[in-house]
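Below: data.pdb (PDB, C-alpha atoms)
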ATOM      1  CA  MET A   1      13.485  -0.870  38.431
ATOM      2  CA  ARG A   2      14.393   2.774  39.183
ATOM      3  CA  LEU A   3      14.530   3.615  35.504
ATOM      4  CA  ASP A   4      15.341   7.111  34.320
ATOM      5  CA  TYR A   5      13.306   8.877  31.701
ATOM      6  CA  PRO A   6      13.282  12.553  30.688
ATOM      7  CA  SER A   7      11.666  14.749  33.351
ATOM      8  CA  ASN A   8      10.104  17.129  30.810
ATOM      9  CA  ILE A   9       7.346  14.615  30.078
ATOM     10  CA  LYS A  10       4.032  15.199  31.784
ATOM     11  CA  ILE A  11       1.968  12.053  32.066
ATOM     12  CA  ILE A  12      -1.796  12.256  31.723
ATOM     13  CA  ARG A  13      -3.476   9.010  32.661
ATOM     14  CA  VAL A  14      -6.462   7.742  30.717
ATOM     15  CA  PRO A  15      -8.301   4.447  31.222
ATOM     16  CA  CYS A  16      -7.456   3.330  27.652
ATOM     17  CA  THR A  17      -5.861   5.072  24.660
ATOM     18  CA  GLY A  18      -9.332   4.763  23.110
ATOM     19  CA  LYS A  19     -10.251   7.645  25.439
ATOM     20  CA  VAL A  20      -7.663   9.907  23.776
ATOM     21  CA  ASP A  21      -9.711  12.345  21.760
ATOM     22  CA  VAL A  22      -8.587  14.474  18.818
ATOM     23  CA  MET A  23      -9.305  17.542  20.939
ATOM     24  CA  TYR A  24      -6.972  16.390  23.768
ATOM     25  CA  LEU A  25      -4.096  16.208  21.306
ATOM     26  CA  LEU A  26      -4.907  19.452  19.512
ATOM     27  CA  ARG A  27      -5.445  21.323  22.771
ATOM     28  CA  ALA A  28      -2.024  20.220  24.051
ATOM     29  CA  ILE A  29      -0.315  21.631  20.953
ATOM     30  CA  GLN A  30      -2.532  24.752  21.023
ATOM     31  CA  LYS A  31      -1.479  25.409  24.624
ATOM     32  CA  GLY A  32       2.199  25.152  23.738
ATOM     33  CA  ALA A  33       3.280  21.532  24.257
ATOM     34  CA  ASP A  34       6.240  20.769  21.994
ATOM     35  CA  GLY A  35       4.976  17.267  21.306
ATOM     36  CA  VAL A  36       2.369  14.763  22.438
ATOM     37  CA  TYR A  37       2.488  10.995  22.349
ATOM     38  CA  ALA A  38       0.047   8.345  23.352
ATOM     39  CA  VAL A  39       1.325   5.087  24.797
ATOM     40  CA  GLY A  40      -1.142   2.290  24.282
ATOM     41  CA  CYS A  41      -1.218  -1.452  24.736
ATOM     42  CA  LEU A  42       0.271  -3.654  22.044
ATOM     43  CA  GLU A  43      -1.879  -3.956  18.968
ATOM     44  CA  GLY A  44      -4.137  -6.947  19.384
ATOM     45  CA  SER A  45      -3.945  -6.770  23.200
ATOM     46  CA  CYS A  46      -6.533  -4.067  23.869
ATOM     47  CA  HIS A  47      -8.879  -4.989  26.722
ATOM     48  CA  TYR A  48     -11.584  -3.136  24.820
ATOM     49  CA  ASN A  49     -10.546  -4.806  21.546
ATOM     50  CA  GLU A  50      -9.917  -1.709  19.487
ATOM     51  CA  GLY A  51      -9.107   1.193  21.820
ATOM     52  CA  ASN A  52      -5.485   1.424  20.682
ATOM     53  CA  PHE A  53      -6.467   1.145  17.008
ATOM     54  CA  ARG A  54      -8.885   4.026  17.456
ATOM     55  CA  ALA A  55      -6.143   6.058  19.144
ATOM     56  CA  ARG A  56      -3.787   5.371  16.234
ATOM     57  CA  GLU A  57      -6.454   6.486  13.728
ATOM     58  CA  ARG A  58      -7.052   9.677  15.691
ATOM     59  CA  ILE A  59      -3.351  10.407  15.944
ATOM     60  CA  GLU A  60      -2.984   9.988  12.191
ATOM     61  CA  HIS A  61      -5.930  12.367  11.761
ATOM     62  CA  VAL A  62      -4.286  14.907  14.062
ATOM     63  CA  ASN A  63      -1.038  14.541  12.078
ATOM     64  CA  THR A  64      -2.949  15.628   8.962
ATOM     65  CA  LEU A  65      -4.757  18.476  10.755
ATOM     66  CA  LEU A  66      -1.490  19.861  12.127
ATOM     67  CA  ASP A  67       0.242  19.610   8.751
ATOM     68  CA  GLU A  68      -2.644  21.607   7.234
ATOM     69  CA  ILE A  69      -2.282  24.282   9.907
ATOM     70  CA  GLY A  70       1.467  24.552   9.320
ATOM     71  CA  ILE A  71       2.767  22.714  12.396
ATOM     72  CA  PRO A  72       4.637  19.466  11.635
ATOM     73  CA  GLY A  73       2.195  16.625  12.326
ATOM     74  CA  GLU A  74       5.078  14.448  13.496
ATOM     75  CA  ARG A  75       4.964  16.297  16.813
ATOM     76  CA  VAL A  76       2.194  13.845  17.692
ATOM     77  CA  ARG A  77       3.029  10.150  17.830
ATOM     78  CA  MET A  78       1.718   6.813  19.032
ATOM     79  CA  TYR A  79       3.727   4.114  20.796
ATOM     80  CA  ASN A  80       2.656   0.638  21.862
ATOM     81  CA  LEU A  81       3.932  -1.542  24.661
ATOM     82  CA  SER A  82       2.632  -3.953  27.259
ATOM     83  CA  SER A  83       2.125  -2.840  30.839
ATOM     84  CA  GLY A  84       5.067  -4.994  31.986
ATOM     85  CA  GLU A  85       7.586  -3.223  29.764
ATOM     86  CA  GLY A  86       8.989  -0.493  32.001
ATOM     87  CA  PRO A  87      12.340  -0.288  30.184
ATOM     88  CA  THR A  88      10.534   0.102  26.829
ATOM     89  CA  PHE A  89       8.442   2.910  28.325
ATOM     90  CA  ALA A  90      11.622   4.717  29.357
ATOM     91  CA  ALA A  91      13.205   4.055  25.943
ATOM     92  CA  TYR A  92      10.169   5.476  24.118
ATOM     93  CA  ALA A  93      10.186   8.525  26.403
ATOM     94  CA  LYS A  94      13.822   9.173  25.486
ATOM     95  CA  GLU A  95      13.180   8.548  21.794
ATOM     96  CA  MET A  96      10.216  10.954  21.736
ATOM     97  CA  THR A  97      12.147  13.626  23.619
ATOM     98  CA  GLU A  98      15.047  13.393  21.174
ATOM     99  CA  HIS A  99      12.652  13.443  18.225
ATOM    100  CA  ILE A 100      10.951  16.613  19.519
ATOM    101  CA  ARG A 101      14.261  18.269  20.391
ATOM    102  CA  LYS A 102      15.298  17.848  16.757
ATOM    103  CA  LEU A 103      12.064  19.572  15.659
ATOM    104  CA  GLY A 104      12.645  22.460  18.067
ATOM    105  CA  PRO A 105      10.081  24.214  20.251
ATOM    106  CA  ASN A 106       6.388  24.512  19.416
ATOM    107  CA  PRO A 107       6.087  27.388  16.883
ATOM    108  CA  LEU A 108       2.996  28.617  18.765
ATOM    109  CA  LYS A 109       5.028  29.446  21.863
ATOM    110  CA  ASN A 110       5.100  33.185  22.560
ATOM    111  CA  LYS A 111       2.446  33.874  19.889
TER
ATOM    112  CA  MET B   1     -30.102  11.950   7.636
ATOM    113  CA  ILE B   2     -28.379  14.731   5.742
ATOM    114  CA  VAL B   3     -24.694  13.961   5.386
ATOM    115  CA  ALA B   4     -22.105  16.684   5.018
ATOM    116  CA  GLU B   5     -18.363  16.771   4.682
ATOM    117  CA  ARG B   6     -16.118  19.413   6.148
ATOM    118  CA  LYS B   7     -14.542  21.772   3.658
ATOM    119  CA  PRO B   8     -10.758  21.623   3.293
ATOM    120  CA  PHE B   9      -9.080  23.711   5.984
ATOM    121  CA  GLU B  10      -7.387  25.990   3.440
ATOM    122  CA  GLU B  11     -10.760  26.926   1.956
ATOM    123  CA  ILE B  12     -12.242  27.719   5.378
ATOM    124  CA  LYS B  13      -9.174  29.754   6.334
ATOM    125  CA  GLU B  14      -9.488  31.747   3.119
ATOM    126  CA  LEU B  15     -13.202  32.398   3.773
ATOM    127  CA  VAL B  16     -12.485  34.040   7.132
ATOM    128  CA  LYS B  17      -9.150  35.671   6.302
ATOM    129  CA  GLU B  18     -10.416  39.249   6.622
ATOM    130  CA  TYR B  19     -12.295  38.730   9.889
ATOM    131  CA  LYS B  20     -11.034  39.153  13.432
ATOM    132  CA  LYS B  21     -14.031  37.923  15.432
ATOM    133  CA  VAL B  22     -15.788  34.833  14.175
ATOM    134  CA  LEU B  23     -18.560  32.735  15.650
ATOM    135  CA  VAL B  24     -18.423  29.066  14.675
ATOM    136  CA  ALA B  25     -22.010  27.815  14.661
ATOM    137  CA  GLY B  26     -22.610  24.103  15.026
ATOM    138  CA  CYS B  27     -25.769  22.133  14.427
ATOM    139  CA  GLY B  28     -26.747  19.320  16.764
ATOM    140  CA  THR B  29     -28.819  17.211  14.410
ATOM    141  CA  CYS B  30     -27.803  15.554  11.097
ATOM    142  CA  VAL B  31     -24.314  17.030  10.778
ATOM    143  CA  ALA B  32     -23.571  16.162  14.405
ATOM    144  CA  VAL B  33     -24.604  12.536  13.812
ATOM    145  CA  CYS B  34     -22.371  12.298  10.730
ATOM    146  CA  LEU B  35     -19.481  13.750  12.780
ATOM    147  CA  THR B  36     -19.074  16.852  10.626
ATOM    148  CA  GLY B  37     -20.608  19.873  12.335
ATOM    149  CA  GLY B  38     -21.594  19.101  15.913
ATOM    150  CA  GLU B  39     -20.227  20.537  19.132
ATOM    151  CA  LYS B  40     -17.001  18.559  18.959
ATOM    152  CA  GLU B  41     -16.262  19.449  15.342
ATOM    153  CA  VAL B  42     -16.904  23.108  16.186
ATOM    154  CA  ASP B  43     -14.231  22.799  18.885
ATOM    155  CA  ILE B  44     -11.772  21.197  16.473
ATOM    156  CA  LEU B  45     -12.291  23.851  13.792
ATOM    157  CA  LYS B  46     -11.960  26.661  16.322
ATOM    158  CA  THR B  47      -8.691  25.183  17.591
ATOM    159  CA  GLU B  48      -7.328  24.756  14.067
ATOM    160  CA  LEU B  49      -8.217  28.305  13.044
ATOM    161  CA  ASP B  50      -6.797  29.720  16.258
ATOM    162  CA  MET B  51      -3.484  27.937  15.772
ATOM    163  CA  ALA B  52      -3.230  28.757  12.062
ATOM    164  CA  ARG B  53      -3.890  32.462  12.598
ATOM    165  CA  ARG B  54      -1.503  32.708  15.536
ATOM    166  CA  LEU B  55       1.194  31.131  13.382
ATOM    167  CA  GLU B  56       0.612  33.887  10.820
ATOM    168  CA  ASP B  57       0.859  36.551  13.560
ATOM    169  CA  ASN B  58      -2.701  37.514  12.764
ATOM    170  CA  PRO B  59      -4.675  36.125  15.696
ATOM    171  CA  MET B  60      -8.448  36.064  15.675
ATOM    172  CA  SER B  61     -11.047  35.756  18.375
ATOM    173  CA  LEU B  62     -13.233  32.673  18.028
ATOM    174  CA  ALA B  63     -16.281  31.432  19.844
ATOM    175  CA  GLY B  64     -18.335  28.331  19.267
ATOM    176  CA  PHE B  65     -22.028  27.771  19.769
ATOM    177  CA  THR B  66     -24.046  24.738  18.809
ATOM    178  CA  VAL B  67     -27.818  24.708  18.629
ATOM    179  CA  GLU B  68     -30.130  21.737  18.347
ATOM    180  CA  ARG B  69     -31.020  22.542  14.710
ATOM    181  CA  GLN B  70     -30.087  25.453  12.466
ATOM    182  CA  CYS B  71     -33.024  24.714  10.160
ATOM    183  CA  ASP B  72     -35.514  25.709  12.846
ATOM    184  CA  ARG B  73     -36.344  29.296  13.951
ATOM    185  CA  GLU B  74     -37.083  28.077  17.444
ATOM    186  CA  TYR B  75     -33.392  27.240  17.938
ATOM    187  CA  LEU B  76     -31.930  30.112  15.901
ATOM    188  CA  GLU B  77     -33.337  32.550  18.432
ATOM    189  CA  ALA B  78     -30.466  31.633  20.731
ATOM    190  CA  PHE B  79     -28.055  33.372  18.311
ATOM    191  CA  ASP B  80     -29.960  36.695  18.392
ATOM    192  CA  SER B  81     -28.248  38.145  21.436
ATOM    193  CA  MET B  82     -24.724  37.105  20.463
ATOM    194  CA  VAL B  83     -24.214  37.658  16.711
ATOM    195  CA  GLY B  84     -23.793  41.430  17.080
ATOM    196  CA  ASP B  85     -20.367  40.839  18.634
ATOM    197  CA  TYR B  86     -18.946  39.055  15.574
ATOM    198  CA  ASP B  87     -17.606  40.036  12.135
ATOM    199  CA  ALA B  88     -18.783  36.789  10.557
ATOM    200  CA  ILE B  89     -20.477  33.486  11.331
ATOM    201  CA  LEU B  90     -18.960  30.229  10.144
ATOM    202  CA  SER B  91     -21.757  27.700  10.002
ATOM    203  CA  MET B  92     -21.136  23.975  10.175
ATOM    204  CA  ALA B  93     -24.763  23.084   9.408
ATOM    205  CA  CYS B  94     -26.063  21.668   6.121
ATOM    206  CA  GLY B  95     -26.898  24.028   3.261
ATOM    207  CA  ALA B  96     -30.430  24.508   4.606
ATOM    208  CA  GLY B  97     -29.201  25.514   8.051
ATOM    209  CA  ILE B  98     -26.574  27.880   6.643
ATOM    210  CA  GLN B  99     -29.168  29.632   4.479
ATOM    211  CA  PHE B 100     -31.657  29.908   7.325
ATOM    212  CA  LEU B 101     -28.994  31.455   9.533
ATOM    213  CA  ALA B 102     -27.975  33.856   6.741
ATOM    214  CA  GLU B 103     -31.637  34.790   6.261
ATOM    215  CA  ARG B 104     -32.024  35.611   9.951
ATOM    216  CA  PHE B 105     -28.858  37.723  10.138
ATOM    217  CA  PRO B 106     -28.598  39.386   6.709
ATOM    218  CA  GLN B 107     -26.266  42.076   8.064
ATOM    219  CA  ILE B 108     -23.502  39.553   8.925
ATOM    220  CA  PRO B 109     -21.640  37.305   6.448
ATOM    221  CA  VAL B 110     -22.665  33.692   7.134
ATOM    222  CA  LEU B 111     -20.031  31.397   5.649
ATOM    223  CA  PRO B 112     -20.151  27.632   5.039
ATOM    224  CA  ALA B 113     -17.600  25.365   6.703
ATOM    225  CA  VAL B 114     -19.046  22.164   5.234
ATOM    226  CA  ASN B 115     -20.162  20.789   1.888
ATOM    227  CA  THR B 116     -23.613  19.220   2.119
ATOM    228  CA  THR B 117     -23.180  15.914   0.384
ATOM    229  CA  PHE B 118     -26.244  13.660   0.396
ATOM    230  CA  ILE B 119     -29.177  12.072   2.208
ATOM    231  CA  GLY B 120     -27.804   8.816   3.444
ATOM    232  CA  VAL B 121     -27.579   6.003   5.939
ATOM    233  CA  ASN B 122     -25.123   5.174   8.690
ATOM    234  CA  GLN B 123     -23.266   1.978   7.684
ATOM    235  CA  ASP B 124     -20.840   2.114  10.609
ATOM    236  CA  ILE B 125     -19.345   4.768  12.862
ATOM    237  CA  GLY B 126     -18.132   7.474  10.497
ATOM    238  CA  TRP B 127     -19.222   5.615   7.365
ATOM    239  CA  TYR B 128     -22.187   6.942   5.396
ATOM    240  CA  GLU B 129     -23.770   5.985   2.096
ATOM    241  CA  GLU B 130     -26.175   7.864  -0.109
ATOM    242  CA  ARG B 131     -29.662   6.423  -0.450
ATOM    243  CA  CYS B 132     -32.023   9.228  -1.492
ATOM    244  CA  ARG B 133     -31.978  12.179  -3.912
ATOM    245  CA  SER B 134     -35.259  13.645  -2.585
ATOM    246  CA  CYS B 135     -36.785  13.540  -6.072
ATOM    247  CA  SER B 136     -40.338  14.103  -4.737
ATOM    248  CA  ASN B 137     -41.624  11.074  -6.626
ATOM    249  CA  CYS B 138     -40.875   7.965  -4.547
ATOM    250  CA  VAL B 139     -41.085   4.698  -6.481
ATOM    251  CA  LEU B 140     -39.609   2.427  -3.791
ATOM    252  CA  GLY B 141     -42.920   0.524  -3.606
ATOM    253  CA  ASP B 142     -42.395  -0.727  -7.138
ATOM    254  CA  THR B 143     -38.635  -1.209  -6.953
ATOM    255  CA  GLY B 144     -38.267  -3.514  -3.966
ATOM    256  CA  GLY B 145     -37.060  -0.718  -1.700
ATOM    257  CA  ILE B 146     -34.053   0.101  -3.902
ATOM    258  CA  CYS B 147     -33.990   3.653  -5.260
ATOM    259  CA  PRO B 148     -33.213   3.710  -8.971
ATOM    260  CA  VAL B 149     -32.723   7.484  -8.975
ATOM    261  CA  THR B 150     -29.923   7.271  -6.396
ATOM    262  CA  MET B 151     -28.433   3.857  -7.088
ATOM    263  CA  CYS B 152     -28.541   3.891 -10.914
ATOM    264  CA  ALA B 153     -25.834   6.033 -12.491
ATOM    265  CA  LYS B 154     -28.368   7.361 -14.972
ATOM    266  CA  GLY B 155     -31.106   7.744 -12.370
ATOM    267  CA  LEU B 156     -33.482   5.754 -14.564
ATOM    268  CA  TYR B 157     -37.052   5.328 -13.347
ATOM    269  CA  ASN B 158     -37.536   2.625 -15.966
ATOM    270  CA  GLY B 159     -34.509   0.391 -16.357
ATOM    271  CA  PRO B 160     -32.191  -1.260 -16.823
ATOM    272  CA  CYS B 161     -30.374   0.403 -19.695
ATOM    273  CA  GLY B 162     -28.191  -1.436 -22.210
ATOM    274  CA  GLY B 163     -25.152  -0.886 -20.024
ATOM    275  CA  THR B 164     -26.121  -3.449 -17.397
ATOM    276  CA  ASN B 165     -23.408  -6.101 -17.297
ATOM    277  CA  LYS B 166     -23.793  -9.262 -15.179
ATOM    278  CA  GLY B 167     -24.966  -7.304 -12.165
ATOM    279  CA  SER B 168     -22.566  -4.386 -12.635
ATOM    280  CA  CYS B 169     -23.054  -0.959 -14.113
ATOM    281  CA  GLU B 170     -21.226   0.024 -17.283
ATOM    282  CA  ILE B 171     -19.447   2.859 -15.462
ATOM    283  CA  SER B 172     -17.536   0.456 -13.209
ATOM    284  CA  LYS B 173     -17.444  -3.203 -12.280
ATOM    285  CA  ASP B 174     -17.527  -2.115  -8.624
ATOM    286  CA  GLN B 175     -20.766  -0.232  -9.144
ATOM    287  CA  PRO B 176     -23.728  -2.615  -8.912
ATOM    288  CA  CYS B 177     -26.503  -2.166 -11.468
ATOM    289  CA  ALA B 178     -29.470  -0.791  -9.510
ATOM    290  CA  TRP B 179     -31.980  -2.386 -11.848
ATOM    291  CA  TYR B 180     -30.284  -5.779 -11.548
ATOM    292  CA  MET B 181     -30.590  -5.478  -7.733
ATOM    293  CA  ILE B 182     -34.226  -4.423  -8.121
ATOM    294  CA  TYR B 183     -34.910  -7.463 -10.353
ATOM    295  CA  GLU B 184     -33.283  -9.839  -7.866
ATOM    296  CA  ARG B 185     -35.170  -8.455  -4.900
ATOM    297  CA  LEU B 186     -38.543  -8.373  -6.624
ATOM    298  CA  GLU B 187     -37.983 -11.924  -7.844
ATOM    299  CA  LYS B 188     -37.299 -13.088  -4.264
ATOM    300  CA  GLN B 189     -40.479 -11.366  -3.141
ATOM    301  CA  GLY B 190     -42.490 -12.848  -6.036
ATOM    302  CA  ARG B 191     -43.420  -9.346  -7.176
ATOM    303  CA  LEU B 192     -41.680  -9.272 -10.556
ATOM    304  CA  ASP B 193     -44.843  -7.902 -12.189
ATOM    305  CA  ARG B 194     -43.983  -4.583 -10.495
ATOM    306  CA  ILE B 195     -40.887  -4.142 -12.646
ATOM    307  CA  THR B 196     -43.000  -3.895 -15.772
ATOM    308  CA  ARG B 197     -44.946  -0.929 -14.428
ATOM    309  CA  PHE B 198     -44.077   2.229 -16.263
ATOM    310  CA  THR B 199     -43.133   5.269 -14.176
ATOM    311  CA  PRO B 200     -43.506   8.584 -15.966
ATOM    312  CA  VAL B 201     -40.185  10.337 -16.152
ATOM    313  CA  GLN B 202     -39.508  13.064 -13.629
ATOM    314  CA  ASN B 203     -39.561  16.591 -14.907
ATOM    315  CA  TRP B 204     -36.183  17.685 -13.571
ATOM    316  CA  GLU B 205     -36.289  20.841 -15.632
ATOM    317  CA  ASN B 206     -37.304  24.174 -14.205
ATOM    318  CA  GLN B 207     -37.261  22.944 -10.626
ATOM    319  CA  VAL B 208     -38.071  25.627  -8.111
ATOM    320  CA  PRO B 209     -37.480  25.368  -4.360
ATOM    321  CA  ARG B 210     -40.107  23.024  -2.984
ATOM    322  CA  THR B 211     -42.396  23.805  -0.081
ATOM    323  CA  LEU B 212     -44.347  21.345   2.015
ATOM    324  CA  ILE B 213     -47.110  22.275   4.421
ATOM    325  CA  GLN B 214     -48.501  19.274   6.249
ATOM    326  CA  PRO B 215     -52.291  18.866   6.265
ATOM    327  CA  GLY B 216     -53.766  20.745   9.176
ATOM    328  CA  TYR B 217     -50.828  23.119   9.519
ATOM    329  CA  ARG B 218     -51.756  25.748   6.964
ATOM    330  CA  LYS B 219     -52.095  29.186   8.562
ATOM    331  CA  PRO B 220     -55.538  30.727   7.940
ATOM    332  CA  GLU B 221     -54.014  33.962   6.582
ATOM    333  CA  LYS B 222     -52.063  32.007   3.978
ATOM    334  CA  GLN B 223     -55.019  30.054   2.634
TER
END

Encoded form (structure tokens):
Amino acid sequence: MRLDYPSNIKIIRVPCTGKVDVMYLLRAIQKGADGVYAVGCLEGSCHYNEGNFRARERIEHVNTLLDEIGIPGERVRMYNLSSGEGPTFAAYAKEMTEHIRKLGPNPLKNK
Amino acid sequence: MIVAERKPFEEIKELVKEYKKVLVAGCGTCVAVCLTGGEKEVDILKTELDMARRLEDNPMSLAGFTVERQCDREYLEAFDSMVGDYDAILSMACGAGIQFLAERFPQIPVLPAVNTTFIGVNQDIGWYEERCRSCSNCVLGDTGGICPVTMCAKGLYNGPCGGTNKGSCEISKDQPCAWYMIYERLEKQGRLDRITRFTPVQNWENQVPRTLIQPGYRKPEKQ
């Protein structure tokens, strides 16, 4: 398809979004990432039944933790798509990048 | 198991505000099982504190260490060589563990990062329910395995009270009446005669910390 998506995104592959732990997300922000998002299968289509639901729960938990710390929790998001949706993947990547650009850089940078 | 709940982040941050080097001490038994104070939760708290303090331009140095049990001297020994390097210890163990740690290192502030909540059961991952108040006077044999002290809002040993209402407690329709449940279970077991047994009321007054030494474990010098 030769789709373009922003080059500032670093992809970390996991076997299922259910593997995405609270610490992975927190550590990314702690180390200076401006934003983190998990891209999981469509809700109801998880091969492990509830991996993507667990990821969503954890992301919501991280949103709260970050808000408490003083970093906008919305820097962490969850998206869902099916593995055949390349164009949607690119669209979400652009949407997330624009969303984070609006929020500005991670306040922990240079601290 | 003992179930605990993590304190709100603001409260923990306030507890350690004057310290620069803090050791976050986890406990690998009850509080690890209830996902409150094990190795992973120690990591999360450390990360949160690190980020919050860096944001305030007041960074702190944090380390984490989790032992098998903080309520056991055998495991607390592992802290001996490291605590000297820290201004304070933030313990994620239950109240017993925190106090035992504080007793071992009286020269260092030992601060609680969790609220010890109850003795309970694991209903599902991350979902716990209270079942025991450790009253020292177990009557479960007469109550069909349902604890009236924990499950009855008034903790009545001899119930029900006048507030029982078609299976619910007078405090809320969503709160089942413990004595109604006890009646139903004993009836199913054909042991309703047990409900008429009178249990002397517990003397809750003047309670002092309890000690238990199992038979055969008393030290000769303490006899």

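For the file at hand, the PyMOL selection byres ((chain B and resi 4-21) around 7) resolves to Glu68 of chain A; Ile2, Val3, Val22, Leu23, Val31, Thr36, Leu49, Met60, Ser61, Leu62, Tyr86, Asp87, Ala88, Cys94, Ala113, Val114, Asn115, Thr116, Thr117 and Phe118 of chain B.
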
Restrict the selected residues to C-alpha atoms and save them as a PDB file, keeping the file's coordinate frame.
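Contents of the output file part_17.pdb:
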ATOM      1  CA  GLU A  68      -2.644  21.607   7.234  1.00  0.00           C
TER       2      GLU A  68
ATOM      3  CA  ILE B   2     -28.379  14.731   5.742  1.00  0.00           C
ATOM      4  CA  VAL B   3     -24.694  13.961   5.386  1.00  0.00           C
ATOM      5  CA  VAL B  22     -15.788  34.833  14.175  1.00  0.00           C
ATOM      6  CA  LEU B  23     -18.560  32.735  15.650  1.00  0.00           C
ATOM      7  CA  VAL B  31     -24.314  17.030  10.778  1.00  0.00           C
ATOM      8  CA  THR B  36     -19.074  16.852  10.626  1.00  0.00           C
ATOM      9  CA  LEU B  49      -8.217  28.305  13.044  1.00  0.00           C
ATOM     10  CA  MET B  60      -8.448  36.064  15.675  1.00  0.00           C
ATOM     11  CA  SER B  61     -11.047  35.756  18.375  1.00  0.00           C
ATOM     12  CA  LEU B  62     -13.233  32.673  18.028  1.00  0.00           C
ATOM     13  CA  TYR B  86     -18.946  39.055  15.574  1.00  0.00           C
ATOM     14  CA  ASP B  87     -17.606  40.036  12.135  1.00  0.00           C
ATOM     15  CA  ALA B  88     -18.783  36.789  10.557  1.00  0.00           C
ATOM     16  CA  CYS B  94     -26.063  21.668   6.121  1.00  0.00           C
ATOM     17  CA  ALA B 113     -17.600  25.365   6.703  1.00  0.00           C
ATOM     18  CA  VAL B 114     -19.046  22.164   5.234  1.00  0.00           C
ATOM     19  CA  ASN B 115     -20.162  20.789   1.888  1.00  0.00           C
ATOM     20  CA  THR B 116     -23.613  19.220   2.119  1.00  0.00           C
ATOM     21  CA  THR B 117     -23.180  15.914   0.384  1.00  0.00           C
ATOM     22  CA  PHE B 118     -26.244  13.660   0.396  1.00  0.00           C
TER      23      PHE B 118
END

Convert the output of the PyMOL selection byres ((chain B) within 12 of (chain A)) on the shown file into explicit residues, formatted as a PyMOL selection string.
chain B and resi 8-13+39-60+125

Just say which residues the PyMOL selection byres ((chain B and resi 162-169) around 9) picks in this file, as a PDB file with C-alpha atoms, keeping the file's coordinate frame.
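Below is the file that was written, part.pdb:
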ATOM      1  CA  CYS B 152     -28.541   3.891 -10.914  1.00  0.00           C
ATOM      2  CA  ALA B 153     -25.834   6.033 -12.491  1.00  0.00           C
ATOM      3  CA  GLY B 159     -34.509   0.391 -16.357  1.00  0.00           C
ATOM      4  CA  PRO B 160     -32.191  -1.260 -16.823  1.00  0.00           C
ATOM      5  CA  CYS B 161     -30.374   0.403 -19.695  1.00  0.00           C
ATOM      6  CA  GLU B 170     -21.226   0.024 -17.283  1.00  0.00           C
ATOM      7  CA  ILE B 171     -19.447   2.859 -15.462  1.00  0.00           C
ATOM      8  CA  SER B 172     -17.536   0.456 -13.209  1.00  0.00           C
ATOM      9  CA  LYS B 173     -17.444  -3.203 -12.280  1.00  0.00           C
ATOM     10  CA  ASP B 174     -17.527  -2.115  -8.624  1.00  0.00           C
ATOM     11  CA  GLN B 175     -20.766  -0.232  -9.144  1.00  0.00           C
ATOM     12  CA  PRO B 176     -23.728  -2.615  -8.912  1.00  0.00           C
ATOM     13  CA  CYS B 177     -26.503  -2.166 -11.468  1.00  0.00           C
ATOM     14  CA  ALA B 178     -29.470  -0.791  -9.510  1.00  0.00           C
ATOM     15  CA  TRP B 179     -31.980  -2.386 -11.848  1.00  0.00           C
ATOM     16  CA  TYR B 180     -30.284  -5.779 -11.548  1.00  0.00           C
ATOM     17  CA  MET B 181     -30.590  -5.478  -7.733  1.00  0.00           C
TER      18      MET B 181
END

| task | Would you mind listing what lies within 7 Å of Pro87 in chain A as a list in words, with all atoms listed in the file counted and same-chain residues fewer than 3 positions away left out? | result |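 Result of the neighbour search: Leu3, Ala90 and Ala91 of chain A.
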
Would you mind listing what lies within 12 Å of Glu98 in chain A as number ranges by chain, with all atoms listed in the file counted and same-chain residues fewer than 2 positions away left out?
A: 5-6, 8-9, 34-35, 75, 91-96, 100-105

Go ahead and compute the interatomic distance for CA of Gly126 in chain B and CA of Cys30 in chain B, in Å to one decimal.
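Atom-to-atom, CA of Gly126 in chain B and CA of Cys30 in chain B are spaced 12.6 Å apart.
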
Q: Pick out the residues sitting within 10 Å of Arg194 in chain B, and hand them over as a VMD selection string; count all atoms listed in the file, and ignore anything fewer than 2 positions along from it in its own chain.
A: chain B and resid 141 to 144 183 186 to 187 190 to 192 196 to 198

Keeping only C-alpha atoms, write the selected residues as a short mmCIF file (atom, residue, chain, number, x, y, z; two decimals), in the frame of the given file.
data_model
loop_
_atom_site.label_atom_id
_atom_site.label_comp_id
_atom_site.auth_asym_id
_atom_site.auth_seq_id
_atom_site.Cartn_x
_atom_site.Cartn_y
_atom_site.Cartn_z
CA GLY B 141 -42.92 0.52 -3.61
CA ASP B 142 -42.40 -0.73 -7.14
CA THR B 143 -38.64 -1.21 -6.95
CA GLY B 144 -38.27 -3.51 -3.97
CA TYR B 183 -34.91 -7.46 -10.35
CA LEU B 186 -38.54 -8.37 -6.62
CA GLU B 187 -37.98 -11.92 -7.84
CA GLY B 190 -42.49 -12.85 -6.04
CA ARG B 191 -43.42 -9.35 -7.18
CA LEU B 192 -41.68 -9.27 -10.56
CA THR B 196 -43.00 -3.90 -15.77
CA ARG B 197 -44.95 -0.93 -14.43
CA PHE B 198 -44.08 2.23 -16.26
#

Between CA of Thr97 in chain A and CA of Thr17 in chain A lies a distance of 20.0 Å

Counting only C-alpha atoms, note down every residue that has an atom within 12 Å of the point (-30.3, 28.3, 17.7) (file coordinates), as a ChimeraX atom specification. /B:25-29,65-83,91,93,97-98,100-101,104
